[in-house]
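Coordinates as given in start.cif (mmCIF, C-alpha atoms):
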data_my_file
loop_
_atom_site.group_PDB
_atom_site.id
_atom_site.type_symbol
_atom_site.label_atom_id
_atom_site.label_comp_id
_atom_site.auth_asym_id
_atom_site.auth_seq_id
_atom_site.Cartn_x
_atom_site.Cartn_y
_atom_site.Cartn_z
ATOM 1 C CA MET T 296 -36.398 24.715 7.409
ATOM 2 C CA ALA T 297 -32.830 25.009 6.216
ATOM 3 C CA GLU T 298 -31.825 22.429 3.662
ATOM 4 C CA ASN T 299 -28.914 20.075 4.223
ATOM 5 C CA PRO T 300 -25.917 22.315 3.492
ATOM 6 C CA GLN T 301 -24.100 19.386 1.867
ATOM 7 C CA THR T 302 -26.699 18.907 -0.882
ATOM 8 C CA PRO T 303 -25.097 19.948 -4.194
ATOM 9 C CA ILE T 304 -26.357 23.168 -5.713
ATOM 10 C CA ALA T 305 -28.344 22.900 -8.939
ATOM 11 C CA HIS T 306 -25.973 24.880 -11.211
ATOM 12 C CA PRO T 307 -22.522 23.340 -11.607
ATOM 13 C CA ARG T 308 -19.682 25.464 -10.280
ATOM 14 C CA PRO T 309 -16.733 26.205 -12.529
ATOM 15 C CA LEU T 310 -13.855 23.786 -11.911
ATOM 16 C CA SER T 311 -10.177 24.321 -12.516
ATOM 17 C CA PRO T 312 -8.759 22.044 -15.240
ATOM 18 C CA HIS T 313 -7.934 18.577 -13.933
ATOM 19 C CA LEU T 314 -5.618 15.666 -14.826
ATOM 20 C CA THR T 315 -7.463 14.605 -17.990
ATOM 21 C CA ILE T 316 -7.151 18.076 -19.583
ATOM 22 C CA TYR T 317 -3.367 18.316 -19.698
ATOM 23 C CA ARG T 318 -0.817 16.810 -22.016
ATOM 24 C CA TRP T 319 1.345 14.963 -19.511
ATOM 25 C CA PRO T 320 4.630 16.734 -18.945
ATOM 26 C CA LEU T 321 7.621 14.625 -17.899
ATOM 27 C CA THR T 322 7.772 16.129 -14.419
ATOM 28 C CA MET T 323 4.154 15.134 -13.826
ATOM 29 C CA MET T 324 4.926 11.564 -14.892
ATOM 30 C CA THR T 325 7.934 11.346 -12.579
ATOM 31 C CA SER T 326 5.880 12.717 -9.684
ATOM 32 C CA ILE T 327 3.073 10.200 -10.163
ATOM 33 C CA THR T 328 5.520 7.346 -10.726
ATOM 34 C CA HIS T 329 7.237 8.241 -7.450
ATOM 35 C CA ARG T 330 3.918 7.793 -5.647
ATOM 36 C CA ILE T 331 2.965 4.587 -7.437
ATOM 37 C CA THR T 332 6.374 2.993 -6.825
ATOM 38 C CA GLY T 333 6.168 4.028 -3.163
ATOM 39 C CA MET T 334 2.800 2.323 -2.783
ATOM 40 C CA ALA T 335 4.031 -0.754 -4.676
ATOM 41 C CA LEU T 336 7.106 -1.025 -2.455
ATOM 42 C CA THR T 337 4.916 -0.829 0.655
ATOM 43 C CA VAL T 338 3.026 -3.901 -0.570
ATOM 44 C CA GLY T 339 6.353 -5.430 -1.670
ATOM 45 C CA ALA T 340 7.508 -5.321 1.965
ATOM 46 C CA LEU T 341 5.357 -8.440 2.362
ATOM 47 C CA ILE T 342 7.763 -10.333 0.082
ATOM 48 C CA LEU T 343 10.690 -9.184 2.228
ATOM 49 C CA ALA T 344 8.876 -10.389 5.363
ATOM 50 C CA TRP T 345 8.062 -13.716 3.679
ATOM 51 C CA TRP T 346 11.727 -14.159 2.666
ATOM 52 C CA LEU T 347 13.043 -13.451 6.193
ATOM 53 C CA VAL T 348 10.432 -15.677 7.870
ATOM 54 C CA ALA T 349 11.226 -18.508 5.424
ATOM 55 C CA ILE T 350 14.937 -18.205 6.245
ATOM 56 C CA SER T 351 14.266 -18.124 9.993
ATOM 57 C CA ASN T 352 12.238 -21.353 9.796
ATOM 58 C CA GLY T 353 15.474 -23.210 9.182
ATOM 59 C CA LEU T 354 16.515 -25.959 6.847
ATOM 60 C CA ASP T 355 13.138 -27.337 5.777
ATOM 61 C CA GLY T 356 10.878 -24.421 6.686
ATOM 62 C CA GLY T 357 9.815 -23.142 3.292
ATOM 63 C CA TYR T 358 12.967 -21.450 2.042
ATOM 64 C CA GLN T 359 13.179 -23.875 -0.888
ATOM 65 C CA THR T 360 9.532 -23.134 -1.731
ATOM 66 C CA PHE T 361 10.223 -19.398 -1.619
ATOM 67 C CA MET T 362 13.292 -19.748 -3.862
ATOM 68 C CA ALA T 363 11.428 -21.994 -6.323
ATOM 69 C CA LEU T 364 8.585 -19.455 -6.553
ATOM 70 C CA ALA T 365 11.070 -16.602 -6.922
ATOM 71 C CA ALA T 366 12.715 -18.431 -9.832
ATOM 72 C CA SER T 367 9.399 -19.110 -11.620
ATOM 73 C CA PRO T 368 8.432 -16.763 -14.513
ATOM 74 C CA LEU T 369 5.757 -15.004 -12.439
ATOM 75 C CA GLY T 370 8.096 -14.735 -9.452
ATOM 76 C CA MET T 371 10.835 -13.214 -11.578
ATOM 77 C CA LEU T 372 8.369 -10.771 -13.135
ATOM 78 C CA VAL T 373 7.219 -9.631 -9.677
ATOM 79 C CA LEU T 374 10.791 -9.357 -8.387
ATOM 80 C CA PHE T 375 11.873 -7.446 -11.504
ATOM 81 C CA GLY T 376 8.948 -5.061 -10.916
ATOM 82 C CA CYS T 377 10.012 -4.595 -7.297
ATOM 83 C CA THR T 378 13.619 -3.974 -8.398
ATOM 84 C CA CYS T 379 12.489 -1.358 -10.936
ATOM 85 C CA ALA T 380 10.264 0.281 -8.314
ATOM 86 C CA LEU T 381 13.023 0.362 -5.691
ATOM 87 C CA ALA T 382 15.594 1.727 -8.159
ATOM 88 C CA TYR T 383 13.144 4.365 -9.391
ATOM 89 C CA HIS T 384 12.081 5.446 -5.888
ATOM 90 C CA PHE T 385 15.779 5.564 -4.912
ATOM 91 C CA PHE T 386 16.883 7.898 -7.732
ATOM 92 C CA SER T 387 13.703 9.956 -7.728
ATOM 93 C CA GLY T 388 13.926 10.237 -3.939
ATOM 94 C CA ILE T 389 17.437 11.646 -4.196
ATOM 95 C CA ARG T 390 16.063 14.272 -6.575
ATOM 96 C CA HIS T 391 13.288 15.083 -4.086
ATOM 97 C CA LEU T 392 15.922 15.659 -1.395
ATOM 98 C CA ALA T 393 17.850 17.916 -3.814
ATOM 99 C CA TRP T 394 14.609 19.823 -4.515
ATOM 100 C CA ASP T 395 14.085 20.244 -0.766
ATOM 101 C CA LEU T 396 17.537 21.834 -0.607
ATOM 102 C CA GLY T 397 16.541 24.175 -3.440
ATOM 103 C CA TYR T 398 18.423 22.574 -6.357
ATOM 104 C CA GLY T 399 17.126 21.431 -9.751
ATOM 105 C CA PHE T 400 13.977 23.521 -10.126
ATOM 106 C CA ASP T 401 14.977 24.960 -13.500
ATOM 107 C CA LYS T 402 12.558 23.787 -16.207
ATOM 108 C CA LYS T 403 15.248 22.452 -18.570
ATOM 109 C CA VAL T 404 17.180 20.786 -15.730
ATOM 110 C CA SER T 405 14.135 19.072 -14.239
ATOM 111 C CA GLU T 406 13.068 17.775 -17.684
ATOM 112 C CA ARG T 407 16.552 16.401 -18.306
ATOM 113 C CA ASN T 408 16.682 14.855 -14.819
ATOM 114 C CA SER T 409 13.292 13.201 -15.380
ATOM 115 C CA VAL T 410 14.642 11.381 -18.452
ATOM 116 C CA LEU T 411 17.827 10.576 -16.544
ATOM 117 C CA ILE T 412 15.891 9.073 -13.601
ATOM 118 C CA PHE T 413 13.685 6.884 -15.823
ATOM 119 C CA THR T 414 16.691 5.641 -17.804
ATOM 120 C CA LEU T 415 18.977 5.154 -14.825
ATOM 121 C CA SER T 416 16.409 3.232 -12.749
ATOM 122 C CA PHE T 417 15.457 0.850 -15.580
ATOM 123 C CA PHE T 418 19.124 0.353 -16.485
ATOM 124 C CA SER T 419 20.056 -0.381 -12.833
ATOM 125 C CA ALA T 420 17.246 -2.914 -12.488
ATOM 126 C CA VAL T 421 18.388 -4.676 -15.689
ATOM 127 C CA VAL T 422 22.014 -4.698 -14.479
ATOM 128 C CA LEU T 423 21.024 -6.117 -11.057
ATOM 129 C CA PHE T 424 19.037 -8.868 -12.755
ATOM 130 C CA ALA T 425 21.829 -9.548 -15.246
ATOM 131 C CA ILE T 426 24.254 -10.076 -12.336
ATOM 132 C CA VAL T 427 22.025 -12.856 -10.996
ATOM 133 C CA TRP T 428 21.208 -14.326 -14.423
ATOM 134 C CA THR T 429 24.830 -14.591 -15.474
ATOM 135 C CA GLY T 430 25.549 -16.507 -12.272
ATOM 136 C CA HIS T 431 27.377 -13.685 -10.498
ATOM 137 C CA GLY T 432 24.811 -13.474 -7.691
ATOM 138 C CA GLY T 433 24.962 -15.544 -4.536
ATOM 139 C CA TYR T 434 28.462 -14.305 -3.665
ATOM 140 C CA LEU T 435 27.576 -14.391 0.063
ATOM 141 C CA GLN T 436 27.457 -18.186 -0.075
ATOM 142 C CA MET A 720 -2.092 44.408 10.429
ATOM 143 C CA LYS A 721 -1.992 42.755 13.792
ATOM 144 C CA SER A 722 -2.064 38.959 13.734
ATOM 145 C CA LEU A 723 -5.379 37.320 14.524
ATOM 146 C CA GLN A 724 -3.617 34.333 16.111
ATOM 147 C CA THR A 725 -3.650 34.025 19.883
ATOM 148 C CA PRO A 726 -0.224 34.330 21.540
ATOM 149 C CA LEU A 727 -0.375 30.608 22.448
ATOM 150 C CA HIS A 728 -1.126 29.624 18.852
ATOM 151 C CA ARG A 729 1.729 31.755 17.558
ATOM 152 C CA VAL A 730 4.283 30.446 20.040
ATOM 153 C CA LYS A 731 3.396 26.841 19.184
ATOM 154 C CA GLY A 732 4.065 27.615 15.519
ATOM 155 C CA LEU A 733 2.125 24.620 14.232
ATOM 156 C CA GLY A 734 -0.186 26.216 11.651
ATOM 157 C CA SER A 735 -3.508 24.878 10.410
ATOM 158 C CA SER A 736 -2.371 21.242 10.235
ATOM 159 C CA HIS A 737 -1.805 21.258 14.043
ATOM 160 C CA SER A 738 1.304 19.177 13.560
ATOM 161 C CA GLY A 739 3.780 21.696 12.144
ATOM 162 C CA THR A 740 6.503 20.422 9.823
ATOM 163 C CA GLY A 741 7.191 17.293 11.897
ATOM 164 C CA HIS A 742 5.763 14.829 9.377
ATOM 165 C CA PHE A 743 7.602 16.451 6.439
ATOM 166 C CA TRP A 744 10.899 16.468 8.333
ATOM 167 C CA ARG A 745 10.683 12.842 9.545
ATOM 168 C CA GLU A 746 9.911 11.714 5.993
ATOM 169 C CA ARG A 747 13.073 13.478 4.732
ATOM 170 C CA VAL A 748 15.355 12.208 7.503
ATOM 171 C CA SER A 749 14.201 8.612 7.001
ATOM 172 C CA ALA A 750 14.660 9.033 3.222
ATOM 173 C CA ALA A 751 18.253 10.163 3.738
ATOM 174 C CA ALA A 752 18.931 7.170 6.023
ATOM 175 C CA LEU A 753 17.483 4.835 3.388
ATOM 176 C CA ILE A 754 20.024 5.871 0.715
ATOM 177 C CA PRO A 755 22.963 3.885 2.185
ATOM 178 C CA LEU A 756 20.657 1.201 3.635
ATOM 179 C CA SER A 757 19.056 0.500 0.225
ATOM 180 C CA LEU A 758 22.484 0.121 -1.370
ATOM 181 C CA TRP A 759 23.437 -2.369 1.348
ATOM 182 C CA PHE A 760 20.107 -4.169 0.862
ATOM 183 C CA ALA A 761 20.754 -4.552 -2.878
ATOM 184 C CA TYR A 762 24.248 -5.897 -2.103
ATOM 185 C CA ALA A 763 22.807 -8.403 0.400
ATOM 186 C CA ALA A 764 19.803 -9.486 -1.717
ATOM 187 C CA ILE A 765 21.908 -10.172 -4.814
ATOM 188 C CA GLY A 766 24.604 -11.828 -2.741
ATOM 189 C CA LEU A 767 22.018 -14.246 -1.368
ATOM 190 C CA ALA A 768 20.113 -14.808 -4.636
ATOM 191 C CA GLY A 769 19.914 -18.457 -5.612
ATOM 192 C CA THR A 770 21.616 -19.727 -2.457
ATOM 193 C CA THR A 771 20.667 -22.724 -0.366
ATOM 194 C CA THR A 772 19.237 -22.324 3.132
ATOM 195 C CA SER A 773 22.458 -22.243 5.118
ATOM 196 C CA ALA A 774 23.904 -19.169 3.339
ATOM 197 C CA PRO A 775 21.249 -16.635 4.429
ATOM 198 C CA LEU A 776 21.121 -18.250 7.889
ATOM 199 C CA GLN A 777 24.863 -17.705 8.333
ATOM 200 C CA PHE A 778 24.688 -14.232 6.813
ATOM 201 C CA PHE A 779 21.964 -12.937 9.155
ATOM 202 C CA ALA A 780 23.473 -14.726 12.147
ATOM 203 C CA GLN A 781 26.243 -12.119 11.982
ATOM 204 C CA PRO A 782 25.220 -9.211 14.264
ATOM 205 C CA VAL A 783 26.248 -6.504 11.761
ATOM 206 C CA ASN A 784 24.027 -7.947 9.028
ATOM 207 C CA ALA A 785 21.097 -8.541 11.399
ATOM 208 C CA PHE A 786 21.446 -4.953 12.637
ATOM 209 C CA LEU A 787 21.560 -3.481 9.114
ATOM 210 C CA MET A 788 18.594 -5.585 7.979
ATOM 211 C CA ALA A 789 16.577 -4.588 11.071
ATOM 212 C CA SER A 790 17.423 -0.923 10.410
ATOM 213 C CA PHE A 791 16.388 -1.251 6.768
ATOM 214 C CA VAL A 792 13.074 -2.902 7.759
ATOM 215 C CA ILE A 793 12.205 -0.418 10.522
ATOM 216 C CA ILE A 794 13.169 2.758 8.666
ATOM 217 C CA SER A 795 11.651 1.745 5.322
ATOM 218 C CA LEU A 796 8.314 0.764 6.915
ATOM 219 C CA TYR A 797 8.360 3.988 8.972
ATOM 220 C CA HIS A 798 8.986 5.932 5.757
ATOM 221 C CA ALA A 799 6.301 3.908 3.943
ATOM 222 C CA ALA A 800 3.663 4.636 6.592
ATOM 223 C CA MET A 801 4.316 8.368 6.272
ATOM 224 C CA GLY A 802 4.316 8.276 2.474
ATOM 225 C CA VAL A 803 1.059 6.315 2.272
ATOM 226 C CA GLN A 804 -0.466 8.724 4.811
ATOM 227 C CA VAL A 805 0.248 11.638 2.451
ATOM 228 C CA VAL A 806 -1.444 9.789 -0.421
ATOM 229 C CA ILE A 807 -4.502 9.117 1.788
ATOM 230 C CA ASP A 808 -4.519 12.770 2.891
ATOM 231 C CA ASP A 809 -4.596 13.840 -0.762
ATOM 232 C CA TYR A 810 -7.253 11.518 -2.133
ATOM 233 C CA VAL A 811 -9.582 10.582 0.749
ATOM 234 C CA HIS A 812 -11.860 13.393 1.834
ATOM 235 C CA SER A 813 -14.128 11.838 4.434
ATOM 236 C CA ALA A 814 -12.717 12.032 7.962
ATOM 237 C CA GLY A 815 -14.039 8.606 9.020
ATOM 238 C CA THR A 816 -12.584 6.718 6.047
ATOM 239 C CA LYS A 817 -9.338 8.625 6.464
ATOM 240 C CA ILE A 818 -8.902 7.608 10.112
ATOM 241 C CA ALA A 819 -9.836 3.994 9.325
ATOM 242 C CA LEU A 820 -7.235 3.896 6.525
ATOM 243 C CA PHE A 821 -4.543 5.474 8.730
ATOM 244 C CA LEU A 822 -5.148 2.768 11.329
ATOM 245 C CA LEU A 823 -5.038 0.037 8.652
ATOM 246 C CA VAL A 824 -1.711 1.359 7.333
ATOM 247 C CA ARG A 825 -0.280 1.379 10.864
ATOM 248 C CA LEU A 826 -1.553 -2.147 11.461
ATOM 249 C CA PHE A 827 0.061 -3.259 8.198
ATOM 250 C CA VAL A 828 3.498 -1.777 8.877
ATOM 251 C CA ILE A 829 3.565 -2.948 12.507
ATOM 252 C CA ALA A 830 2.532 -6.491 11.555
ATOM 253 C CA THR A 831 4.974 -6.696 8.622
ATOM 254 C CA GLY A 832 7.777 -5.112 10.634
ATOM 255 C CA SER A 833 7.204 -7.429 13.600
ATOM 256 C CA ALA A 834 7.297 -10.489 11.341
ATOM 257 C CA CYS A 835 10.651 -9.339 9.896
ATOM 258 C CA LEU A 836 12.163 -8.493 13.292
ATOM 259 C CA ILE A 837 11.030 -11.713 14.959
ATOM 260 C CA ALA A 838 12.474 -13.659 12.021
ATOM 261 C CA LEU A 839 15.804 -11.825 12.392
ATOM 262 C CA LEU A 840 15.822 -12.488 16.156
ATOM 263 C CA ARG A 841 15.135 -16.175 15.590
ATOM 264 C CA ILE A 842 18.023 -16.355 13.140
ATOM 265 C CA SER A 843 20.565 -14.434 15.187
ATOM 266 C CA VAL A 844 19.682 -15.442 18.743
ATOM 267 C CA PHE A 845 18.421 -19.003 18.552
#

Reformat the file's structure so that it appears as structure tokens.
Amino acid sequence: MAENPQTPIAHPRPLSPHLTIYRWPLTMMTSITHRITGMALTVGALILAWWLVAISNGLDGGYQTFMALAASPLGMLVLFGCTCALAYHFFSGIRHLAWDLGYGFDKKVSERNSVLIFTLSFFSAVVLFAIVWTGHGGYLQ
Amino acid sequence: MKSLQTPLHRVKGLGSSHSGTGHFWRERVSAAALIPLSLWFAYAAIGLAGTTTSAPLQFFAQPVNAFLMASFVIISLYHAAMGVQVVIDDYVHSAGTKIALFLLVRLFVIATGSACLIALLRISVF
């Protein structure tokens, strides 16, 4: 009788080098970070839904609770993470669109842009938080 | 050499994925739409940070803001579902698990999106 074709063969087949073999180049880090931030933002959509539902519940429907949690150390840490992720995915996404149009594939350029994207996204997140911390947020009052 | 594809297969132009470039293209179009929408979202979120209840209620009661927020919610969750699908495609190799995860992702974005949209309707209509 024929054996189950899915049973692994006794001698190991040669494999191409995988993630753990390489020294991580910048472009690899930006690629993986784009994925991780995308996944994180998908989960973060729950916070957005929570915020909107709390607002829609009206004057005593949990908006104060949401705002108190958001202002707690853990809440601020989570929101700062979400801000970093959104800023990163934003800038890195623009680069992906440029790549799709055929720009920025040069090795030197893509290395420089990787540094630029990391710096710019962290800097933007810090600036956005600084606006709120220095009392310049809430201008739609 | 003559192509081994049948004339029907060739005219459909879909390749081995059976879905052509549709998924790739929709992901890019939604990404482009999210550039201005994300900037508006940042403007709105910071503008409402630390406010009392009436400020966001009044803000989203304005049709323009409710419309922009609904667009941001729908397009970002649409984009998210496609992005997560690519990750699942890359790392999950069993067909059954893959289909189950696709359905879970769809359930998640539809539930989250509905919650956001119903909330916006409650604010702006009632």

Selection result for the PyMOL selection byres ((chain T and resi 345-349) around 12) on this file, as JSON, numbers by chain: {"T": [338, 339, 340, 341, 342, 343, 344, 350, 351, 352, 353, 354, 355, 356, 357, 358, 359, 360, 361, 362, 363, 364, 365], "A": [764, 767, 768, 771, 772, 773, 775, 776, 778, 779, 785, 788, 789, 792, 831, 832, 833, 834, 835, 836, 837, 838, 839, 840, 841, 842, 843]}

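Atom CA of Arg407 of chain T to atom CA of Ala750 of chain A spans 22.8 Å [interatomic distance, one decimal].
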
Determine the nearest neighbour of Ser790 of chain A from the options A:Phe760, A:Trp744, A:Phe827, A:Phe821, counting all atoms listed in the file.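 Residue with the minimum atom-to-atom distance to Ser790 of chain A: A:Phe760.
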
Work out how far atom CA of Trp428 of chain T is from atom CA of Gly766 of chain A, in Å to one decimal.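 Separating atom CA of Gly766 of chain A from atom CA of Trp428 of chain T is a distance of 12.4 Å.
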
Restricting to all atoms listed in the file, whichever of A:Ile765, A:Leu826, A:Val805, A:Leu820 is closest to chain T is A:Ile765

Considering all atoms listed in the file, return as a PyMOL selection string whatever protein or nucleic-acid residues lie within 10 Å of segment 372-386 of chain T, sequence-local ones (same chain, fewer than 3 positions apart) excluded. (chain T and resi 325+328-336+338-340+342+365-369+389-391+408-409+411-421+423-424) or (chain A and resi 750+753-754+757-758+761)

Leaving out Arg747 of chain A and any residue of its chain fewer than 3 positions from it, which residues lie within 9 Å of it when counting all atoms listed in the file, given as a list in words?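 Using all atoms listed in the file, the neighbours found are His391, Leu392 and Asp395 of chain T; His742, Phe743, Trp744, Ala750, Ala751, Ala752 and His798 of chain A.
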
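With distances restricted to all atoms listed in the file, A:Thr770 is the closest residue to chain T from A:Lys731, A:Val783, A:Ile829, A:Thr770.
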
What does the distance between atom CA of Gly433 of chain T and atom CA of Val828 of chain A come to in Å, to one decimal place?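 Separating atom CA of Gly433 of chain T from atom CA of Val828 of chain A is a distance of 28.8 Å.
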
Selected residue, from A:Lys817, A:Arg825, A:His737, A:Arg729, that lies nearest to chain T when counting all atoms listed in the file: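 Closest to chain T of all the choices is A:Arg825.
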
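Using only C-alpha atoms, the shortest contact distance between chain T and any of A:Gly734, A:Pro755, A:Gly815, A:Pro782 is found at A:Pro755.
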
Nearest candidate to Ala774 of chain A (options T:Leu435, T:Val427, T:Leu321, T:Leu396; using only C-alpha atoms):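 Using only C-alpha atoms, Ala774 of chain A sits closest to T:Leu435.
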
Skip Glu746 of chain A itself and residues of its chain fewer than 5 positions away, then list as an mmCIF file with C-alpha atoms, in the coordinates of the input all residues within 9 Å of it, counting only C-alpha atoms.
data_model
loop_
_atom_site.group_PDB
_atom_site.id
_atom_site.type_symbol
_atom_site.label_atom_id
_atom_site.label_comp_id
_atom_site.auth_asym_id
_atom_site.auth_seq_id
_atom_site.Cartn_x
_atom_site.Cartn_y
_atom_site.Cartn_z
ATOM 1 C CA GLY A 741 7.191 17.293 11.897
ATOM 2 C CA ALA A 751 18.253 10.163 3.738
ATOM 3 C CA TYR A 797 8.360 3.988 8.972
ATOM 4 C CA HIS A 798 8.986 5.932 5.757
ATOM 5 C CA ALA A 799 6.301 3.908 3.943
ATOM 6 C CA MET A 801 4.316 8.368 6.272
ATOM 7 C CA GLY A 802 4.316 8.276 2.474
#
